[in-house]
Amino acid sequence: MLGADVECSSEPPPIGREVAMTRYLADGEEFTIALPELLQHGKRLFDANWTVQDGAGRRGLKGTGAPLSDPDAPLDFPFNFNRISGPDANSCAGCHNMPRSGGGGDFVTNVHVLGQRFDFATFDALDEYEEDFATRGAFDEIGLPVTLQTIANSRSTLGMFGAGYIEMLSRQMTADLQRQRDALAPGESVSLESKGVAFGVLSRAADGSWIVDEVEGLVPPSLASGGAEQPPSLIIRPFHQASAVISLRQFSNNAINHHHGIQSVERSGHGDVDQDGYDDNLSTADITALTAYQAQLGVPGRVIPRNAYIEKAVADGEALFMDVGCGSCHTPSLPLTDGGWEFAEPNPYNPSGNLQPGEAPEFVFDLNDRRLELPRLAVDPATQAVHVPAFTDMKVHDITSGPDDPNCESLNMHALPGTPEFHGGNCRFLTKRLWGIANEPPYFHHGKFTTMREAIEAHRGEALASWEAWRALDDYGRDAIIEFLKTLQILPPDTPARIVDTRMRPRNWQSELDGS
């Protein structure tokens with residue numbers, strides 16, 4: 001009978017509402033509901049196609065969270081969406097969808113990073129009204145008319161699979177670097193190192209001030225110092241391709257406002273801060289659920305065909321990958337030690353505007369728990385560590401040929417907007433995590449390469465020697481490396497094994513590159 005499945009209730013159900021979410025969490029509920037229920041709530045938030053009745057849209061705010069440059073021109077229809085300055089998406093999964101929700105995205109999903117500092121990008125420098133407002137729509141902070149190439153950095157959408165392990169690696173490595181920093185006396189130097197990755201040399205002058213000129217692989221905010229008593233943080237920022245975001249929580253708080261016009265209380269405060277008629281869009285508990293969902297996404301695996309010729313090419317490609325020096329930056333595996341697989345919220349290094357330690361009870365779950373989305377990693381009995389085969393050293397590198405290389409970006413997101421450094425561009429990027437690369441195209445930070453071979457061929461700068469070694473290989477050698485990279489894939493959800501054949505049957509494949 002029509003309507004027979006409607007729940008009995010003394011209150012009639014609401015009708016006529018058009019919302020993506022019918023329920024939100026109250027603060028504290030993240031500790032009282034079961035973990036599967038919390039993660040399902042996080043998935044609903046990630047997949048939600050937000051509507052104005054959910055509070056989508058930010059009529060009075062930029063994507064940065066700052067007030068509009070021109071408050072007399074709110075972002076009402078037809079200015080409620082903008083592909084450059086945002087809001088630019090209806091859901092997280094609208095971009096993070098390859099090969100499924102939580103993954104990377106097609107070139108059409110590229111985000112125009114730093115475009116969100118504009119109210120509503122127009123490029124209409126001929127409109128006299130625009131000249132009165134920097135970052136309203138057509139002129140930048142120094143009064144110059146913007147172009148598509150100079151208003152923002154076009155970045156490909158990255159996948160989030162295995163992200164919980166990546167965040168925990170970054171926390172442990174940050175703690176290692178800070179311990180070495182804290183033991184450094186005035187007049188001394190130390191070679192910074194964590195998990196076998198070298199970060200250059202940190203020094204102190206005789207007056208105790210910090211010298212970071214020889215520190216490698218970290219971005220300027222992690223090297224900033226306010227004097228002898230304010231040392232550089234040395235925080236590793238594993239998210240954003242230019243290493244700008246510390247945690248999945250920070251990533252989530254940034255993105256929901258920038259892309260959807262949804263605000264979290266912990267970032268924006270209580271009330272209708274964006275003037276759209278809806279208060280307190282997401283609670284701290286909601287953000288914890290959204291963060292935990294991303295953290296528990298299954299880890300990428302490997303798909304190796306049961307074909308003798310391809311198997312040999314894959315094995316040869318693994319060896320050549322290391323021989324030509326790719327593994328010097330694309331470190332095959334890094335170890336999580338001392339229970340670091342226990343994912344805890346909040347991140348102790350969260351910047352302000354994100355939940356801080358002590359502001360709420362700690363929320364903890366085991367990333368190795370096989371009740372989470374499979375496949376998962378496990379503790380190695382021999383080392384008592386979890387080896388994370390992400391193929392990254394967690395550092396930033398310049399692999400371009402210099403400022404004129406088209407792979408450099410127009411803007412430097414680590415500099416203050418309007419400064420020469422900001423408009424001087426950026427050529428340094430995080431070492432790409434290669435796990436899952438084969439079925440998360442396109443490639444490079446800009447997504448303008450359709451093949452992995454193109455991305456390899458674009459390496460210069462710090463990777464010049466590896467590129468030259470790659471070029472010195474014969475055709476079979478280069479093809480074998482590609483065949484190896486083709487095995488690094490996102491697997492179907494809940495695939496029990498991490499190394500499988502093309503029919504998703506487990507494979508016994510012995511490789512030093514798999515962290516086992």
# chains A, B, ... in the order shown; residues from 1 in each chain; ligands from 1
>>> select_by_dssp(residues="range 278-386 of chain A", states="helix (DSSP H, G or I)", output="mmCIF file with C-alpha atoms, in the first residue's frame")
data_model
loop_
_atom_site.group_PDB
_atom_site.id
_atom_site.type_symbol
_atom_site.label_atom_id
_atom_site.label_comp_id
_atom_site.auth_asym_id
_atom_site.auth_seq_id
_atom_site.Cartn_x
_atom_site.Cartn_y
_atom_site.Cartn_z
ATOM 1 C CA THR A 284 31.810 20.452 15.693
ATOM 2 C CA ALA A 285 30.416 16.903 15.771
ATOM 3 C CA ASP A 286 29.456 17.155 12.092
ATOM 4 C CA ILE A 287 32.988 18.220 11.170
ATOM 5 C CA THR A 288 34.404 15.355 13.219
ATOM 6 C CA ALA A 289 32.172 12.937 11.288
ATOM 7 C CA LEU A 290 33.197 14.451 7.949
ATOM 8 C CA THR A 291 36.863 14.278 8.931
ATOM 9 C CA ALA A 292 36.635 10.710 10.221
ATOM 10 C CA TYR A 293 34.888 9.554 7.047
ATOM 11 C CA GLN A 294 37.735 10.865 4.906
ATOM 12 C CA ALA A 295 40.350 9.472 7.277
ATOM 13 C CA ALA A 308 53.792 -13.742 -17.401
ATOM 14 C CA TYR A 309 54.997 -11.036 -19.799
ATOM 15 C CA ILE A 310 53.252 -8.241 -17.879
ATOM 16 C CA GLU A 311 54.401 -9.677 -14.545
ATOM 17 C CA LYS A 312 58.009 -9.527 -15.728
ATOM 18 C CA ALA A 313 57.542 -5.960 -16.969
ATOM 19 C CA VAL A 314 56.026 -4.939 -13.623
ATOM 20 C CA ALA A 315 58.881 -6.517 -11.670
ATOM 21 C CA ASP A 316 61.463 -4.915 -13.952
ATOM 22 C CA GLY A 317 59.642 -1.593 -13.703
ATOM 23 C CA GLU A 318 59.756 -1.700 -9.908
ATOM 24 C CA ALA A 319 63.521 -2.177 -9.977
ATOM 25 C CA LEU A 320 64.089 0.495 -12.629
ATOM 26 C CA PHE A 321 61.873 2.945 -10.716
ATOM 27 C CA MET A 322 64.393 2.775 -7.902
ATOM 28 C CA ASP A 323 67.454 2.547 -10.150
ATOM 29 C CA CYS A 326 62.393 8.055 -8.625
ATOM 30 C CA GLY A 327 62.316 6.530 -5.156
ATOM 31 C CA SER A 328 64.578 9.227 -3.727
#
>>> residues_around(residues="range 330-345 of chain A", least_positions_apart="2", cutoff="9 Å", atoms="only C-alpha atoms", output="ChimeraX atom specification")
/A:164-165,167-169,171-172,195-197,249,288,291-292,295,325-328,347-348,355-357,361-368,379,383-394,431-434,512-515
>>> write_last_selection(atoms="N, CA and C atoms", output="compact mmCIF listing (two decimals), in the first residue's frame")
# COMPACT_ATOMS: atom_id res chain seq x y z
N GLY A 164 43.87 9.12 6.13
CA GLY A 164 44.07 9.06 7.57
C GLY A 164 45.49 8.67 7.93
N TYR A 165 46.03 7.70 7.20
CA TYR A 165 47.41 7.29 7.43
C TYR A 165 48.37 8.42 7.09
N GLU A 167 47.81 11.70 7.27
CA GLU A 167 47.81 12.71 8.33
C GLU A 167 48.58 12.23 9.55
N MET A 168 48.44 10.98 9.91
CA MET A 168 49.15 10.49 11.09
C MET A 168 50.66 10.43 10.84
N LEU A 169 51.08 10.12 9.62
CA LEU A 169 52.51 10.20 9.29
C LEU A 169 53.02 11.62 9.48
N ARG A 171 51.89 13.95 11.39
CA ARG A 171 51.96 14.31 12.82
C ARG A 171 53.23 13.73 13.45
N GLN A 172 53.50 12.45 13.18
CA GLN A 172 54.69 11.84 13.78
C GLN A 172 55.97 12.50 13.27
N LYS A 195 61.95 9.37 9.94
CA LYS A 195 61.59 8.17 9.19
C LYS A 195 62.47 7.96 7.97
N GLY A 196 63.74 8.33 8.10
CA GLY A 196 64.69 8.16 7.02
C GLY A 196 64.68 9.25 5.99
N VAL A 197 63.84 10.27 6.16
CA VAL A 197 63.75 11.39 5.23
C VAL A 197 64.53 12.56 5.81
N ARG A 249 40.73 17.98 8.94
CA ARG A 249 39.73 18.88 9.53
C ARG A 249 39.86 20.28 8.96
N THR A 288 33.69 16.56 12.81
CA THR A 288 34.40 15.35 13.22
C THR A 288 33.97 14.17 12.38
N THR A 291 35.43 14.55 8.88
CA THR A 291 36.86 14.28 8.93
C THR A 291 37.13 12.79 9.07
N ALA A 292 36.42 12.14 9.98
CA ALA A 292 36.64 10.71 10.22
C ALA A 292 36.29 9.89 8.98
N ALA A 295 39.18 10.15 6.71
CA ALA A 295 40.35 9.47 7.28
C ALA A 295 40.26 7.96 7.13
N GLY A 325 66.24 6.62 -9.73
CA GLY A 325 66.18 7.63 -8.68
C GLY A 325 64.80 8.15 -8.35
N CYS A 326 63.75 7.58 -8.94
CA CYS A 326 62.39 8.05 -8.63
C CYS A 326 62.10 7.91 -7.14
N GLY A 327 62.60 6.81 -6.56
CA GLY A 327 62.32 6.53 -5.16
C GLY A 327 63.01 7.44 -4.18
N SER A 328 63.92 8.31 -4.65
CA SER A 328 64.58 9.23 -3.73
C SER A 328 63.61 10.28 -3.21
N ASN A 347 43.72 17.24 15.54
CA ASN A 347 45.15 17.25 15.26
C ASN A 347 45.82 18.27 16.19
N PRO A 348 46.88 17.90 16.90
CA PRO A 348 47.51 18.85 17.84
C PRO A 348 48.14 20.06 17.16
N LEU A 355 39.18 23.05 15.41
CA LEU A 355 39.12 22.52 16.76
C LEU A 355 40.51 22.32 17.34
N GLN A 356 40.71 22.82 18.55
CA GLN A 356 42.00 22.74 19.23
C GLN A 356 41.95 21.69 20.35
N PRO A 357 43.10 21.10 20.68
CA PRO A 357 43.14 20.19 21.82
C PRO A 357 42.61 20.87 23.08
N PRO A 361 36.43 16.69 23.99
CA PRO A 361 37.13 15.43 24.26
C PRO A 361 37.78 14.88 23.00
N GLU A 362 38.82 14.10 23.18
CA GLU A 362 39.51 13.51 22.04
C GLU A 362 38.67 12.39 21.45
N PHE A 363 38.56 12.38 20.13
CA PHE A 363 37.85 11.31 19.42
C PHE A 363 38.89 10.43 18.73
N VAL A 364 38.87 9.12 19.02
CA VAL A 364 39.93 8.23 18.55
C VAL A 364 39.32 6.98 17.92
N PHE A 365 39.91 6.54 16.81
CA PHE A 365 39.57 5.22 16.28
C PHE A 365 40.80 4.64 15.57
N ASP A 366 40.79 3.32 15.41
CA ASP A 366 41.93 2.58 14.88
C ASP A 366 41.83 2.52 13.36
N LEU A 367 42.80 3.11 12.67
CA LEU A 367 42.78 3.09 11.21
C LEU A 367 42.92 1.68 10.65
N ASN A 368 43.46 0.75 11.43
CA ASN A 368 43.64 -0.63 10.96
C ASN A 368 42.39 -1.48 11.16
N VAL A 379 49.63 -3.97 11.21
CA VAL A 379 50.91 -3.90 11.90
C VAL A 379 51.81 -5.03 11.40
N THR A 383 58.40 -5.55 12.68
CA THR A 383 58.86 -4.21 13.04
C THR A 383 57.94 -3.50 14.02
N GLN A 384 56.74 -4.08 14.25
CA GLN A 384 55.72 -3.45 15.09
C GLN A 384 55.36 -2.05 14.57
N ALA A 385 55.44 -1.90 13.27
CA ALA A 385 55.08 -0.64 12.61
C ALA A 385 54.04 -0.94 11.53
N VAL A 386 53.33 0.09 11.14
CA VAL A 386 52.45 0.01 9.97
C VAL A 386 53.18 0.72 8.83
N HIS A 387 53.48 -0.02 7.79
CA HIS A 387 54.21 0.56 6.66
C HIS A 387 53.20 1.12 5.66
N VAL A 388 53.34 2.41 5.37
CA VAL A 388 52.38 3.13 4.53
C VAL A 388 53.00 3.32 3.15
N PRO A 389 52.58 2.50 2.15
CA PRO A 389 53.23 2.52 0.84
C PRO A 389 52.65 3.60 -0.08
N ALA A 390 52.83 4.85 0.30
CA ALA A 390 52.22 5.96 -0.43
C ALA A 390 53.12 6.55 -1.49
N PHE A 391 54.39 6.20 -1.52
CA PHE A 391 55.34 6.71 -2.51
C PHE A 391 55.48 8.23 -2.42
N THR A 392 55.84 8.71 -1.25
CA THR A 392 56.08 10.13 -1.04
C THR A 392 57.06 10.31 0.10
N ASP A 393 57.80 11.42 0.08
CA ASP A 393 58.67 11.76 1.21
C ASP A 393 58.07 12.87 2.06
N MET A 394 56.84 13.31 1.72
CA MET A 394 56.12 14.34 2.48
C MET A 394 56.80 15.71 2.40
N THR A 431 55.67 16.16 -2.98
CA THR A 431 55.90 14.95 -3.75
C THR A 431 54.58 14.19 -3.89
N LYS A 432 54.18 13.98 -5.11
CA LYS A 432 52.92 13.30 -5.39
C LYS A 432 52.88 11.92 -4.75
N ARG A 433 51.82 11.63 -4.02
CA ARG A 433 51.61 10.28 -3.51
C ARG A 433 51.17 9.41 -4.69
N LEU A 434 51.95 8.41 -5.01
CA LEU A 434 51.67 7.62 -6.22
C LEU A 434 50.68 6.49 -5.99
N GLU A 512 59.65 -5.27 -2.39
CA GLU A 512 60.14 -4.38 -1.34
C GLU A 512 59.43 -3.04 -1.37
N LEU A 513 58.78 -2.71 -2.48
CA LEU A 513 58.13 -1.41 -2.60
C LEU A 513 56.78 -1.36 -1.92
N ASP A 514 56.26 -2.49 -1.48
CA ASP A 514 54.93 -2.52 -0.88
C ASP A 514 54.96 -2.37 0.63
N GLY A 515 56.13 -2.13 1.19
CA GLY A 515 56.22 -1.88 2.62
C GLY A 515 56.00 -3.10 3.48
>>> closest_residue(among="A:Ile142, A:Val19, A:Ala34, A:Leu192", to="Leu416 in chain A", atoms="only C-alpha atoms")
A:Ile142
>>> atom_distance(atom1="CA of Ile151 in chain A", atom2="CA of Cys427 in chain A")
16.6 Å
>>> atom_distance(atom1="CA of Ala175 in chain A", atom2="CA of Met160 in chain A")
23.1 Å
>>> residues_around(residues="Asn254 in chain A", least_positions_apart="4", cutoff="8 Å", atoms="only C-alpha atoms", output="mmCIF file with C-alpha atoms, in the first residue's frame")
data_model
loop_
_atom_site.group_PDB
_atom_site.id
_atom_site.type_symbol
_atom_site.label_atom_id
_atom_site.label_comp_id
_atom_site.auth_asym_id
_atom_site.auth_seq_id
_atom_site.Cartn_x
_atom_site.Cartn_y
_atom_site.Cartn_z
ATOM 1 C CA THR A 64 38.300 32.783 2.393
ATOM 2 C CA GLN A 250 41.291 22.113 8.289
ATOM 3 C CA HIS A 258 34.825 27.996 -0.206
#
>>> residues_around(residues="Arg376 in chain A", least_positions_apart="6", cutoff="7 Å", atoms="only C-alpha atoms", output="PyMOL selection string")
chain A and resi 298-299+368+370
>>> write_last_selection(atoms="N, CA and C atoms", output="mmCIF file, in the first residue's frame")
data_model
loop_
_atom_site.group_PDB
_atom_site.id
_atom_site.type_symbol
_atom_site.label_atom_id
_atom_site.label_comp_id
_atom_site.auth_asym_id
_atom_site.auth_seq_id
_atom_site.Cartn_x
_atom_site.Cartn_y
_atom_site.Cartn_z
ATOM 1 N N GLY A 298 39.399 3.604 2.363
ATOM 2 C CA GLY A 298 40.325 2.509 2.144
ATOM 3 C C GLY A 298 41.626 2.946 1.495
ATOM 4 N N VAL A 299 42.677 2.204 1.756
ATOM 5 C CA VAL A 299 43.974 2.553 1.172
ATOM 6 C C VAL A 299 44.042 2.040 -0.264
ATOM 7 N N ASN A 368 43.465 0.748 11.430
ATOM 8 C CA ASN A 368 43.637 -0.626 10.956
ATOM 9 C C ASN A 368 42.391 -1.479 11.164
ATOM 10 N N ARG A 370 39.372 -3.452 10.657
ATOM 11 C CA ARG A 370 38.845 -3.994 9.405
ATOM 12 C C ARG A 370 37.335 -3.869 9.292
#
>>> select_by_dssp(residues="range 27-235 of chain A", states="strand (DSSP E or B)", output="ChimeraX atom specification")
/A:61,67,98,104,111-113,139,145,153-155,189-194,197-204,210-211,215,227,230
>>> decode(residues="range 67-82 of chain A", atoms="N, CA and C atoms", output="PDB file, in the first residue's frame")
ATOM      1  N   PRO A  67      34.732  39.066   4.872  1.00  0.00           N
ATOM      2  CA  PRO A  67      33.597  39.779   4.276  1.00  0.00           C
ATOM      3  C   PRO A  67      33.893  40.163   2.828  1.00  0.00           C
ATOM      4  N   LEU A  68      32.842  40.350   2.051  1.00  0.00           N
ATOM      5  CA  LEU A  68      33.004  40.764   0.664  1.00  0.00           C
ATOM      6  C   LEU A  68      33.702  42.114   0.578  1.00  0.00           C
ATOM      7  N   SER A  69      34.477  42.314  -0.485  1.00  0.00           N
ATOM      8  CA  SER A  69      35.085  43.624  -0.726  1.00  0.00           C
ATOM      9  C   SER A  69      34.017  44.671  -0.958  1.00  0.00           C
ATOM     10  N   ASP A  70      32.924  44.263  -1.608  1.00  0.00           N
ATOM     11  CA  ASP A  70      31.798  45.163  -1.867  1.00  0.00           C
ATOM     12  C   ASP A  70      30.553  44.593  -1.205  1.00  0.00           C
ATOM     13  N   PRO A  71      30.283  44.968   0.038  1.00  0.00           N
ATOM     14  CA  PRO A  71      29.129  44.400   0.745  1.00  0.00           C
ATOM     15  C   PRO A  71      27.793  44.802   0.141  1.00  0.00           C
ATOM     16  N   ASP A  72      27.799  45.799  -0.735  1.00  0.00           N
ATOM     17  CA  ASP A  72      26.556  46.212  -1.387  1.00  0.00           C
ATOM     18  C   ASP A  72      26.220  45.349  -2.594  1.00  0.00           C
ATOM     19  N   ALA A  73      27.069  44.383  -2.891  1.00  0.00           N
ATOM     20  CA  ALA A  73      26.803  43.473  -4.009  1.00  0.00           C
ATOM     21  C   ALA A  73      26.879  42.032  -3.504  1.00  0.00           C
ATOM     22  N   PRO A  74      25.889  41.604  -2.703  1.00  0.00           N
ATOM     23  CA  PRO A  74      25.923  40.254  -2.146  1.00  0.00           C
ATOM     24  C   PRO A  74      25.827  39.197  -3.246  1.00  0.00           C
ATOM     25  N   LEU A  75      26.247  37.995  -2.891  1.00  0.00           N
ATOM     26  CA  LEU A  75      26.299  36.914  -3.874  1.00  0.00           C
ATOM     27  C   LEU A  75      24.960  36.193  -3.971  1.00  0.00           C
ATOM     28  N   ASP A  76      23.934  36.968  -4.303  1.00  0.00           N
ATOM     29  CA  ASP A  76      22.618  36.414  -4.585  1.00  0.00           C
ATOM     30  C   ASP A  76      22.536  36.050  -6.067  1.00  0.00           C
ATOM     31  N   PHE A  77      21.537  35.247  -6.444  1.00  0.00           N
ATOM     32  CA  PHE A  77      21.334  34.910  -7.850  1.00  0.00           C
ATOM     33  C   PHE A  77      21.286  36.186  -8.691  1.00  0.00           C
ATOM     34  N   PRO A  78      21.988  36.235  -9.812  1.00  0.00           N
ATOM     35  CA  PRO A  78      22.716  35.171 -10.509  1.00  0.00           C
ATOM     36  C   PRO A  78      24.196  35.096 -10.153  1.00  0.00           C
ATOM     37  N   PHE A  79      24.578  35.638  -9.008  1.00  0.00           N
ATOM     38  CA  PHE A  79      25.986  35.647  -8.602  1.00  0.00           C
ATOM     39  C   PHE A  79      26.275  34.613  -7.507  1.00  0.00           C
ATOM     40  N   ASN A  80      25.385  33.634  -7.370  1.00  0.00           N
ATOM     41  CA  ASN A  80      25.514  32.661  -6.280  1.00  0.00           C
ATOM     42  C   ASN A  80      26.492  31.534  -6.589  1.00  0.00           C
ATOM     43  N   PHE A  81      26.862  31.355  -7.853  1.00  0.00           N
ATOM     44  CA  PHE A  81      27.884  30.384  -8.224  1.00  0.00           C
ATOM     45  C   PHE A  81      28.887  31.050  -9.151  1.00  0.00           C
ATOM     46  N   ASN A  82      30.147  30.629  -9.041  1.00  0.00           N
ATOM     47  CA  ASN A  82      31.197  31.174  -9.898  1.00  0.00           C
ATOM     48  C   ASN A  82      32.314  30.140  -9.970  1.00  0.00           C
TER      49      ASN A  82
END
